[in-house]
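Contents: one structure, followed by commentary.
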Amino acid sequence: MTSQPISFPRQHARTMRFTLGAPRSFTVSPDGERVAFLRSESGTERSGQLWVLDLPKDGAPRERLVADPEALLGGSAERLSAQERARRERSREGASGIVGYAVDAAAELAAFTLSGKVYVAGLRSGTARALPVPGPVIDPRPSPDGRHIAYVSKGALRVVGAGGEGDRALAEPEADEVSYGLAEFVAAEEMQRSRGFWWSPESDRLLVARVDNSPVRRWWIADPAHPEQRPAEIAYPAAGTPNAEVRLFVLGLDGTRTEVVWDRAGHPYLAQVHWSSAGAPLLLVQSRDQRSHLYLAVDPETGRTRTVHADEDPVWLEIYPGVPAWTPDGRLVRIADEGGARVLAVGDRPLTGARLQLRSVLDIDESDILVSATAGEEATDPEIGETHVYRVNELGVERVSKEPGVHTAVRAGGVTVLVSRTLERSGALVRVFRDGKPVTTVTSHAQEPVISARVRLTEGGAQRIPCAVLLPEGYQESDGPLPVLMDPYGGPHGRRVAASHDAHLTSQWFADQGFAVVVADGRGTPGRSPAWEKAVKNNLLLTVDDQIEALHALADRFPLDLGRVAIRGWSFGGYLAALAITRRPDVFHAAVVGAPVTDQRLYDTHYTERYLGDPAEQPEVYAHNSVVTDEGLSEAAEQVRPMMIVHGLADDNVVFAHTLRLTSALLAAGRPHEVLPLSGVTHMTPQEQVAENLLLLQVDFLKRSLGPKG
């Protein structure tokens, strides 16, 4: 009996986009002797395990398993609390088992959760055990000295000894809507801050966020497939409505409590927190209109703050991973938009210029700063889709990653873990270097895709829009022009044109169904310059214009049938597809609209107000940038094109109301369309059968809608 070869849609779904089995979440010990990481045991196993790579200076490297969820849970099924599921949704985490961990300063003790319990693991001994504490537990983190574990349970910030002794609450919620130690919705969803507490370097106290959600308006999300269940209540801060009230306290293990004081009325967003032995606790706070940043140093004894630096921008200011922070000698490290470039600044001095577009700070040590960056406007080579790792100091800039691709790194103790993706191979290559010399690679169990992406990276149009073009396998020029599928995300924070093989696998599969697939990163997408990103202020429709410009420019070089053009997208890409098909049916002839934001007033404060301002002050801007308004379709053209709308009923990020308002407006206007509601599905689609069938249904719709070559 022979087994049938697996199809790409099934393999893509089963492997969670080929992420299962791949090592991730690396931590290097400060002595350079260990690298902790997560990895599942195969390319189809969702349960993450905690591993350690030993790097003895006088022996061979070896990998060993430290914590296996199967053994720790005794084979029982994992159970997640509602708060833990929400945290994973915010981070787009679809795996199970150990999905995150935290370590002490020496990287000898790790803490993590399984089924709402706290587990600790000795990274040297390789033993793991549960601690007897009240659950369900959220985000356990060891103190730097490894003697205590802080965690959140039922809204309280608690501390327990690393051996399980002396469990107690340092702060308990005063009301049902209050929590200590958790990030509020917009911080986790939009600010890249998933944490709500931070240990002092001396392990004697913590900075703890107090979140009061009582001002936030309530929404209810129901599952129509289960009418016997009550709707889930969520606190959702839609544009123009109140946010959660966030305060910060210094909580001592001795029971002391001191509030940190800053101008919360003028700068209500707590964007980042940094506390290291190099200086006082450091906060980045942001005004609601996101045009002002204050970098504040905190006196832990009194709670008073002083301004270390202030940034202002007439459009908006971004938040970047890894900053603000101190150098070991006490200088402020930040990423700033200066002179038309996004630069790394240390103290008052920018260390990079317009040749680089800074993305994040990866590590800071005595000799240099490790950063992630793309090619800037003044780069000699646009390096389309590439992201590299650089070492930066007062003497200059040195590239660490060499081959074209998408790279990131983790570093400590003279050891660098370099994670590299390229167009030439599937998956990520994880290499370990000591003092710049290769030591070993970390094993990956990720599956090899059953198809190969054949990507042409190029630029399109007068604006040099970064593009990726994919044609069917075996295509020959004599086959003639092909129907076109535009396959963008196309908006802020989402870069789809990447010099990475696996990033284009789904696009290649669509191409192999008989399409010329074009992925274009127009204005608003990250990676080129501040002006490129900020061009969409008050006018997100520029993203549609740039898709059209790229399409028409590429038609001169590729076999594109401009009489049969479709567009598909999810989230912002779904919004972009909906705009394209309703506003520009002269260009686009069919659209797959996935989880779209159709009414900008229904999306969250921090994201929407950054681009469109306050809806009460600029209602016309919101109407112009929405697909639907209270009156129906917004500025839609008369011509009607086929549209398939796909949306998860359990989505608490882009709620299903967006699709309901769109389909109601389409019905009122007499416009035929298809709606595919996904029961029990959130903004992610990790369910294997759902993810597989979504691809198949989209291809069927696109072929039906575009029809044969005319």
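Identifiers in this document derive from the order of the structure tokens: chains are assigned A, B, ..., residues are numbered from 1 separately in each chain, and ligands are numbered from 1 in order of occurrence.
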Could you list, as a PDB file with N, CA and C atoms, in the first residue's frame, every residue within 10 Å of Gly514 (chain A), counting only C-alpha atoms and ignoring same-chain residues fewer than 5 positions away?
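So selection-v1.pdb came out as:
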ATOM      1  N   LEU A 471       6.045  33.058 -10.962  1.00  0.00           N
ATOM      2  CA  LEU A 471       5.355  32.478 -12.103  1.00  0.00           C
ATOM      3  C   LEU A 471       5.184  30.980 -11.888  1.00  0.00           C
ATOM      4  N   PRO A 472       4.260  30.354 -12.622  1.00  0.00           N
ATOM      5  CA  PRO A 472       4.040  28.917 -12.435  1.00  0.00           C
ATOM      6  C   PRO A 472       5.290  28.102 -12.782  1.00  0.00           C
ATOM      7  N   GLU A 473       5.416  26.962 -12.125  1.00  0.00           N
ATOM      8  CA  GLU A 473       6.512  26.050 -12.453  1.00  0.00           C
ATOM      9  C   GLU A 473       6.372  25.617 -13.912  1.00  0.00           C
ATOM     10  N   TYR A 475       6.616  27.495 -16.535  1.00  0.00           N
ATOM     11  CA  TYR A 475       6.076  28.512 -17.437  1.00  0.00           C
ATOM     12  C   TYR A 475       7.078  28.839 -18.536  1.00  0.00           C
ATOM     13  N   LEU A 482      -0.530  35.746 -18.216  1.00  0.00           N
ATOM     14  CA  LEU A 482      -1.201  34.995 -17.161  1.00  0.00           C
ATOM     15  C   LEU A 482      -2.133  35.900 -16.370  1.00  0.00           C
ATOM     16  N   PRO A 483      -3.236  35.335 -15.855  1.00  0.00           N
ATOM     17  CA  PRO A 483      -4.023  36.126 -14.910  1.00  0.00           C
ATOM     18  C   PRO A 483      -3.157  36.496 -13.716  1.00  0.00           C
ATOM     19  N   VAL A 484      -3.407  37.661 -13.158  1.00  0.00           N
ATOM     20  CA  VAL A 484      -2.537  38.213 -12.118  1.00  0.00           C
ATOM     21  C   VAL A 484      -3.222  38.107 -10.762  1.00  0.00           C
ATOM     22  N   LEU A 485      -2.440  37.730  -9.763  1.00  0.00           N
ATOM     23  CA  LEU A 485      -2.912  37.766  -8.385  1.00  0.00           C
ATOM     24  C   LEU A 485      -1.981  38.659  -7.582  1.00  0.00           C
ATOM     25  N   TRP A 509       2.541  28.663  -4.513  1.00  0.00           N
ATOM     26  CA  TRP A 509       1.479  27.680  -4.736  1.00  0.00           C
ATOM     27  C   TRP A 509       0.353  28.298  -5.562  1.00  0.00           C
ATOM     28  N   VAL A 699      -8.601  29.580  -4.349  1.00  0.00           N
ATOM     29  CA  VAL A 699      -8.241  29.298  -5.738  1.00  0.00           C
ATOM     30  C   VAL A 699      -9.487  29.043  -6.575  1.00  0.00           C
ATOM     31  N   LYS A 703     -10.517  31.415  -9.800  1.00  0.00           N
ATOM     32  CA  LYS A 703     -10.649  30.869 -11.150  1.00  0.00           C
ATOM     33  C   LYS A 703     -12.059  31.096 -11.688  1.00  0.00           C
TER      34      LYS A 703
END
Env of region 111-128 of chain A: 7 Å cut, atoms = only C-alpha atoms, seq-sep filter 5 positions within chain, self excluded. Answer as a list of chain:residue names. A:Val52, A:Val66, A:Ala67, A:Glu78, A:Arg79, A:Leu80, A:Ser81, A:Gly97, A:Ile98, A:Gly100, A:Tyr101, A:Ala102, A:Val103, A:Gly135, A:Pro136, A:Val137, A:Pro140, A:Arg141, A:Pro142
Those selected residues, please, written with N, CA and C atoms and delivered as a CSV table (one decimal), in the first residue's frame.
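part39.csv, written as the output of this step:
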chain,number,residue,atom,x,y,z
A,52,VAL,N,18.7,22.9,25.7
A,52,VAL,CA,19.9,23.7,25.9
A,52,VAL,C,21.0,23.1,25.0
A,66,VAL,N,15.7,19.7,28.2
A,66,VAL,CA,15.6,20.1,29.6
A,66,VAL,C,14.2,19.9,30.1
A,67,ALA,N,13.2,20.3,29.3
A,67,ALA,CA,11.8,20.2,29.7
A,67,ALA,C,10.9,19.7,28.6
A,78,GLU,N,-3.2,19.7,27.6
A,78,GLU,CA,-2.9,21.0,28.2
A,78,GLU,C,-4.2,21.8,28.3
A,79,ARG,N,-4.3,22.6,29.4
A,79,ARG,CA,-5.5,23.5,29.6
A,79,ARG,C,-5.0,24.9,29.7
A,80,LEU,N,-5.6,25.8,29.0
A,80,LEU,CA,-5.2,27.2,29.0
A,80,LEU,C,-6.3,28.1,29.6
A,81,SER,N,-5.9,29.0,30.4
A,81,SER,CA,-6.9,30.0,30.9
A,81,SER,C,-7.3,31.0,29.8
A,97,GLY,N,2.3,23.6,24.3
A,97,GLY,CA,3.5,23.2,25.1
A,97,GLY,C,4.2,24.4,25.7
A,98,ILE,N,5.5,24.4,25.7
A,98,ILE,CA,6.3,25.5,26.2
A,98,ILE,C,6.4,26.5,25.0
A,100,GLY,N,7.1,29.9,25.6
A,100,GLY,CA,7.9,31.0,26.1
A,100,GLY,C,8.5,30.7,27.4
A,101,TYR,N,9.6,31.3,27.8
A,101,TYR,CA,10.3,31.1,29.0
A,101,TYR,C,11.0,32.4,29.4
A,102,ALA,N,11.4,32.4,30.7
A,102,ALA,CA,12.3,33.5,31.1
A,102,ALA,C,13.4,32.9,32.0
A,103,VAL,N,14.5,33.6,32.1
A,103,VAL,CA,15.7,33.1,32.8
A,103,VAL,C,16.2,34.1,33.8
A,135,GLY,N,-3.1,29.0,40.8
A,135,GLY,CA,-3.2,29.3,39.4
A,135,GLY,C,-4.5,29.9,39.0
A,136,PRO,N,-4.8,30.1,37.7
A,136,PRO,CA,-3.9,29.9,36.6
A,136,PRO,C,-2.8,31.0,36.6
A,137,VAL,N,-1.6,30.6,36.2
A,137,VAL,CA,-0.4,31.4,36.2
A,137,VAL,C,-0.1,32.0,34.8
A,140,PRO,N,5.6,33.7,34.3
A,140,PRO,CA,6.5,33.6,35.4
A,140,PRO,C,7.9,34.1,35.0
A,141,ARG,N,8.6,34.8,35.9
A,141,ARG,CA,9.9,35.3,35.6
A,141,ARG,C,10.8,35.2,36.8
A,142,PRO,N,12.0,34.6,36.7
A,142,PRO,CA,12.9,34.5,37.8
A,142,PRO,C,13.5,35.9,38.1
So that I can check the secondary structure, give me every residue of region 473-536 of chain A assigned strand (DSSP E) by backbone DSSP, as number ranges by chain. A: 482-486, 516-520
So that I can check the surroundings of Val397 (chain A), please list as a ChimeraX atom specification every protein, DNA and RNA residue that reaches within 12 Å of it, counting only C-alpha atoms and ignoring chain neighbours fewer than 6 positions away. /A:343-344,350-353,355-356,368-373,388-391
If you keep all heavy atoms, can you produce a file of those selected residues as a CSV table (one decimal), in the first residue's frame?
chain,number,residue,atom,x,y,z
A,343,VAL,N,18.0,56.3,12.6
A,343,VAL,CA,19.4,56.1,13.0
A,343,VAL,C,19.5,55.6,14.4
A,343,VAL,O,18.5,55.7,15.2
A,343,VAL,CB,20.2,57.5,12.9
A,343,VAL,CG1,20.1,58.1,11.5
A,343,VAL,CG2,19.6,58.5,14.0
A,344,LEU,N,20.6,55.0,14.7
A,344,LEU,CA,21.0,54.6,16.1
A,344,LEU,C,21.7,55.8,16.7
A,344,LEU,O,22.7,56.3,16.2
A,344,LEU,CB,21.9,53.4,16.1
A,344,LEU,CG,22.4,52.9,17.4
A,344,LEU,CD1,21.2,52.3,18.2
A,344,LEU,CD2,23.5,51.9,17.3
A,350,PRO,N,24.3,60.5,16.9
A,350,PRO,CA,23.9,59.4,16.0
A,350,PRO,C,25.1,58.7,15.4
A,350,PRO,O,26.1,59.3,15.0
A,350,PRO,CB,23.2,60.2,14.8
A,350,PRO,CG,23.7,61.6,14.9
A,350,PRO,CD,24.2,61.9,16.3
A,351,LEU,N,25.0,57.4,15.5
A,351,LEU,CA,26.2,56.5,15.0
A,351,LEU,C,25.9,55.9,13.6
A,351,LEU,O,26.8,55.3,13.1
A,351,LEU,CB,26.4,55.4,16.0
A,351,LEU,CG,26.8,55.8,17.4
A,351,LEU,CD1,27.2,54.6,18.3
A,351,LEU,CD2,28.0,56.8,17.4
A,352,THR,N,24.7,56.1,13.1
A,352,THR,CA,24.5,55.6,11.7
A,352,THR,C,23.8,56.8,10.9
A,352,THR,O,23.4,57.8,11.5
A,352,THR,CB,23.5,54.4,11.7
A,352,THR,OG1,22.3,54.7,12.4
A,352,THR,CG2,24.2,53.2,12.5
A,353,GLY,N,23.7,56.6,9.6
A,353,GLY,CA,23.1,57.6,8.8
A,353,GLY,C,22.1,57.0,7.8
A,353,GLY,O,21.5,55.9,8.1
A,355,ARG,N,22.3,55.5,5.1
A,355,ARG,CA,22.6,54.2,4.4
A,355,ARG,C,21.9,53.1,5.0
A,355,ARG,O,21.7,52.0,4.4
A,355,ARG,CB,24.1,54.0,4.3
A,355,ARG,CG,24.8,55.0,3.4
A,355,ARG,CD,26.3,54.6,3.2
A,355,ARG,NE,27.0,55.5,2.3
A,355,ARG,CZ,28.2,55.4,2.0
A,355,ARG,NH1,29.0,54.4,2.5
A,355,ARG,NH2,28.8,56.3,1.2
A,356,LEU,N,21.5,53.2,6.3
A,356,LEU,CA,20.8,52.1,7.0
A,356,LEU,C,19.5,52.7,7.5
A,356,LEU,O,19.3,53.8,7.9
A,356,LEU,CB,21.6,51.6,8.2
A,356,LEU,CG,22.9,50.9,7.9
A,356,LEU,CD1,23.5,50.4,9.3
A,356,LEU,CD2,22.6,49.7,7.0
A,368,ASP,N,30.4,47.5,21.5
A,368,ASP,CA,29.6,47.9,20.4
A,368,ASP,C,28.1,47.6,20.7
A,368,ASP,O,27.8,47.0,21.8
A,368,ASP,CB,30.0,47.2,19.1
A,368,ASP,CG,30.0,45.6,19.2
A,368,ASP,OD1,28.9,45.1,19.7
A,368,ASP,OD2,30.9,45.0,18.9
A,369,ILE,N,27.3,47.9,19.8
A,369,ILE,CA,25.8,47.7,19.8
A,369,ILE,C,25.5,46.8,18.6
A,369,ILE,O,25.8,47.1,17.5
A,369,ILE,CB,25.0,49.0,19.9
A,369,ILE,CG1,25.4,49.8,21.1
A,369,ILE,CG2,23.5,48.7,19.8
A,369,ILE,CD1,24.8,51.1,21.2
A,370,LEU,N,24.7,45.7,18.9
A,370,LEU,CA,24.3,44.8,17.8
A,370,LEU,C,22.9,45.3,17.4
A,370,LEU,O,22.0,45.4,18.2
A,370,LEU,CB,24.3,43.4,18.3
A,370,LEU,CG,24.3,42.3,17.2
A,370,LEU,CD1,25.7,42.3,16.5
A,370,LEU,CD2,24.0,40.9,17.9
A,371,VAL,N,22.7,45.5,16.1
A,371,VAL,CA,21.4,46.0,15.6
A,371,VAL,C,20.9,45.2,14.4
A,371,VAL,O,21.7,44.6,13.7
A,371,VAL,CB,21.5,47.5,15.2
A,371,VAL,CG1,22.0,48.4,16.4
A,371,VAL,CG2,22.4,47.7,14.0
A,372,SER,N,19.6,45.4,14.1
A,372,SER,CA,19.0,44.9,12.9
A,372,SER,C,18.6,46.1,12.1
A,372,SER,O,18.1,47.1,12.6
A,372,SER,CB,17.8,44.1,13.3
A,372,SER,OG,17.0,43.8,12.1
A,373,ALA,N,19.0,46.0,10.8
A,373,ALA,CA,18.7,47.1,9.9
A,373,ALA,C,18.5,46.7,8.4
A,373,ALA,O,19.0,45.6,8.0
A,373,ALA,CB,19.9,48.1,10.0
A,388,HIS,N,19.6,42.8,7.7
A,388,HIS,CA,21.0,42.3,8.2
A,388,HIS,C,21.3,42.7,9.6
A,388,HIS,O,20.6,43.6,10.2
A,388,HIS,CB,22.1,42.9,7.2
A,388,HIS,CG,22.1,42.2,5.9
A,388,HIS,ND1,22.7,41.0,5.7
A,388,HIS,CD2,21.6,42.5,4.7
A,388,HIS,CE1,22.6,40.6,4.5
A,388,HIS,NE2,21.9,41.5,3.8
A,389,VAL,N,22.3,42.0,10.2
A,389,VAL,CA,22.7,42.3,11.5
A,389,VAL,C,24.1,43.1,11.4
A,389,VAL,O,24.9,42.7,10.6
A,389,VAL,CB,22.9,41.0,12.3
A,389,VAL,CG1,23.5,41.3,13.7
A,389,VAL,CG2,21.6,40.2,12.4
A,390,TYR,N,24.2,44.1,12.2
A,390,TYR,CA,25.4,45.0,12.2
A,390,TYR,C,25.9,45.2,13.6
A,390,TYR,O,25.1,45.3,14.5
A,390,TYR,CB,25.0,46.4,11.5
A,390,TYR,CG,24.6,46.3,10.1
A,390,TYR,CD1,23.3,46.1,9.8
A,390,TYR,CD2,25.5,46.6,9.1
A,390,TYR,CE1,22.9,46.1,8.5
A,390,TYR,CE2,25.1,46.6,7.7
A,390,TYR,CZ,23.8,46.3,7.5
A,390,TYR,OH,23.3,46.3,6.1
A,391,ARG,N,27.2,45.4,13.6
A,391,ARG,CA,27.9,45.9,14.9
A,391,ARG,C,28.2,47.3,14.7
A,391,ARG,O,28.7,47.7,13.6
A,391,ARG,CB,29.2,45.1,15.1
A,391,ARG,CG,29.0,43.6,15.4
A,391,ARG,CD,30.3,42.9,15.5
A,391,ARG,NE,31.2,43.5,16.5
A,391,ARG,CZ,32.4,44.0,16.3
A,391,ARG,NH1,32.9,44.0,15.1
A,391,ARG,NH2,33.1,44.5,17.3
Ranking A:Gly405, A:Pro242, A:Gly707, A:Pro438 by minimum distance to Thr374 (chain A) and counting only C-alpha atoms, which one comes first?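 The closest residue to Thr374 (chain A) is A:Gly405.
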